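Note: the block below is work.txt and it holds compact mmCIF, C-alpha atoms.
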```txt
# COMPACT_ATOMS: atom_id res chain seq x y z
CA MET V 166 52.23 78.83 -63.08
CA HIS V 167 49.71 77.94 -60.41
CA TYR V 168 50.83 77.32 -56.84
CA HIS V 169 49.34 75.52 -53.85
CA ARG V 170 49.93 76.83 -50.35
CA ILE V 171 50.91 74.18 -47.82
CA PRO V 172 48.40 74.40 -44.95
CA HIS V 173 49.59 76.18 -41.82
CA SER V 174 52.67 77.58 -43.59
CA THR V 175 53.76 80.24 -46.04
CA LEU V 176 55.21 77.63 -48.40
CA GLU V 177 53.80 77.68 -51.92
CA VAL V 178 54.48 74.72 -54.21
CA SER V 179 54.15 74.86 -57.98
CA GLN V 180 51.32 72.79 -59.41
CA LEU V 181 53.84 71.20 -61.78
CA GLY V 182 57.10 69.66 -60.62
CA LEU V 183 60.27 68.44 -62.29
CA GLY V 184 60.93 64.73 -61.85
CA THR V 185 64.63 63.98 -62.14
CA MET V 186 64.64 60.20 -62.38
CA THR V 187 66.44 60.30 -65.73
CA PHE V 188 69.38 62.34 -64.43
CA GLY V 189 72.48 60.17 -64.77
CA GLU V 190 70.63 57.50 -66.73
CA GLN V 191 69.28 59.27 -69.83
CA ASN V 192 70.55 62.79 -69.16
CA SER V 193 74.04 64.18 -68.77
CA GLU V 194 74.90 66.69 -66.07
CA ALA V 195 74.72 69.50 -68.64
CA ASP V 196 71.26 68.29 -69.75
CA ALA V 197 70.14 68.15 -66.12
CA HIS V 198 71.33 71.72 -65.50
CA ALA V 199 69.52 72.95 -68.63
CA GLN V 200 66.29 71.24 -67.51
CA LEU V 201 66.57 72.73 -64.02
CA ASP V 202 67.19 76.19 -65.48
CA LEU V 203 64.13 75.88 -67.73
CA ALA V 204 61.98 74.65 -64.85
CA ILE V 205 62.91 77.64 -62.68
CA ARG V 206 62.36 80.09 -65.56
CA SER V 207 58.94 78.49 -66.09
CA GLY V 208 57.94 78.99 -62.45
CA ILE V 209 58.42 75.41 -61.29
CA ASN V 210 59.79 75.30 -57.78
CA PHE V 211 59.16 71.64 -56.88
CA ILE V 212 62.01 69.26 -57.75
CA ASP V 213 61.57 65.53 -57.08
CA THR V 214 64.88 63.66 -56.81
CA ALA V 215 63.13 60.32 -57.40
CA GLN V 216 65.88 58.38 -55.61
CA MET V 217 64.08 55.07 -55.93
CA TYR V 218 64.15 55.05 -59.73
CA PRO V 219 65.09 53.15 -61.80
CA VAL V 220 63.92 49.97 -60.15
CA PRO V 221 65.99 48.03 -59.53
CA PRO V 222 68.62 50.69 -58.82
CA ARG V 223 72.01 50.31 -60.46
CA PRO V 224 75.14 51.05 -58.42
CA GLU V 225 76.88 52.93 -61.24
CA ILE V 226 74.18 55.62 -61.36
CA HIS V 227 73.20 55.64 -57.68
CA GLY V 228 73.28 59.21 -56.36
CA LEU V 229 73.86 60.94 -59.72
CA THR V 230 70.52 62.76 -59.53
CA GLU V 231 71.53 64.32 -56.21
CA GLN V 232 75.04 65.11 -57.48
CA TYR V 233 73.68 66.87 -60.57
CA ILE V 234 71.16 68.88 -58.55
CA GLY V 235 73.86 69.71 -56.00
CA SER V 236 76.30 70.97 -58.63
CA TRP V 237 73.49 73.03 -60.20
CA LEU V 238 72.62 74.55 -56.81
CA LYS V 239 76.29 75.34 -56.16
CA GLN V 240 76.65 77.07 -59.54
CA ARG V 241 73.33 78.91 -59.49
CA GLY V 242 72.93 79.64 -55.79
CA SER V 243 69.21 78.92 -56.19
CA ARG V 244 68.50 76.79 -53.11
CA ASP V 245 66.03 79.29 -51.71
CA LYS V 246 63.98 79.10 -54.94
CA ILE V 247 63.18 75.38 -54.86
CA ILE V 248 61.36 72.80 -52.81
CA LEU V 249 63.40 69.63 -52.97
CA ALA V 250 61.73 66.27 -52.38
CA SER V 251 63.56 63.01 -51.85
CA LYS V 252 62.72 59.33 -51.55
CA VAL V 253 64.46 56.33 -50.14
CA SER V 254 64.02 52.74 -51.17
CA VAL V 255 65.25 49.66 -49.42
CA PRO V 256 65.66 46.10 -50.57
CA VAL V 257 62.61 43.97 -50.01
CA ALA V 258 63.21 40.61 -48.32
CA ARG V 259 61.70 37.70 -50.18
```
Now, as a test, write the supplied structure out as structure tokens.
Amino acid sequence: MHYHRIPHSTLEVSQLGLGTMTFGEQNSEADAHAQLDLAIRSGINFIDTAQMYPVPPRPEIHGLTEQYIGSWLKQRGSRDKIILASKVSVPVAR
């Protein structure tokens, strides 16, 4: 795996990241955990929670990505091994 150093820091981010927009929609919690495990074993340390997907967001799956990642972190104790990115979306007035 190739990494990029963030300027003016010691933080190194994997060139590839794991997008988690399908967690809760197309993937179960067990599937999500397996994908996160594989990503870490493969050297990926950048996890994108992709909060704003799917568009439009559906209330019944809102927050499942974060819940699945949180339960994985609690079970694995791997928080110091990942860089976690998040997004926020807001309704657009028309």
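Straight-line separation from CA of Tyr168 in chain V to CA of His198 in chain V: 22.9 Å.
Here CA of Arg206 in chain V and CA of Leu229 in chain V stand 23.1 Å from one another.
Picture a line from CA of Glu194 in chain V to CA of Gly235 in chain V; it runs 10.6 Å.
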Which of these, V:Met186, V:Ala195, V:Ile209, V:Ala204, has the shortest distance to His227 in chain V once you count only C-alpha atoms?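 The closest residue to His227 in chain V is V:Met186.
When all atoms listed in the file are used to measure the gap to Arg223 in chain V, the shortest distance among V:Asp245, V:Asp202, V:Glu177, V:Glu190 belongs to V:Glu190.
Every protein or nucleic acid residue with an atom no more than 8 Å from Thr230 in chain V, counting only C-alpha atoms and leaving out same-chain residues fewer than 5 positions away, appears here: Thr185, Met186, Thr187, Phe188, Gly189, Thr214 and Gln216 of chain V.
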My list of candidates is V:Ile248, V:Gly228, V:Thr175, V:Arg241. Which is closest to Asn210 in chain V when distances are computed with only C-alpha atoms?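 The closest residue to Asn210 in chain V is V:Ile248.
Each of V:Asp213, V:Ile226, V:Ser236, V:Ser243 was compared to Val178 in chain V using only C-alpha atoms, and V:Asp213 turns out to be the nearest.
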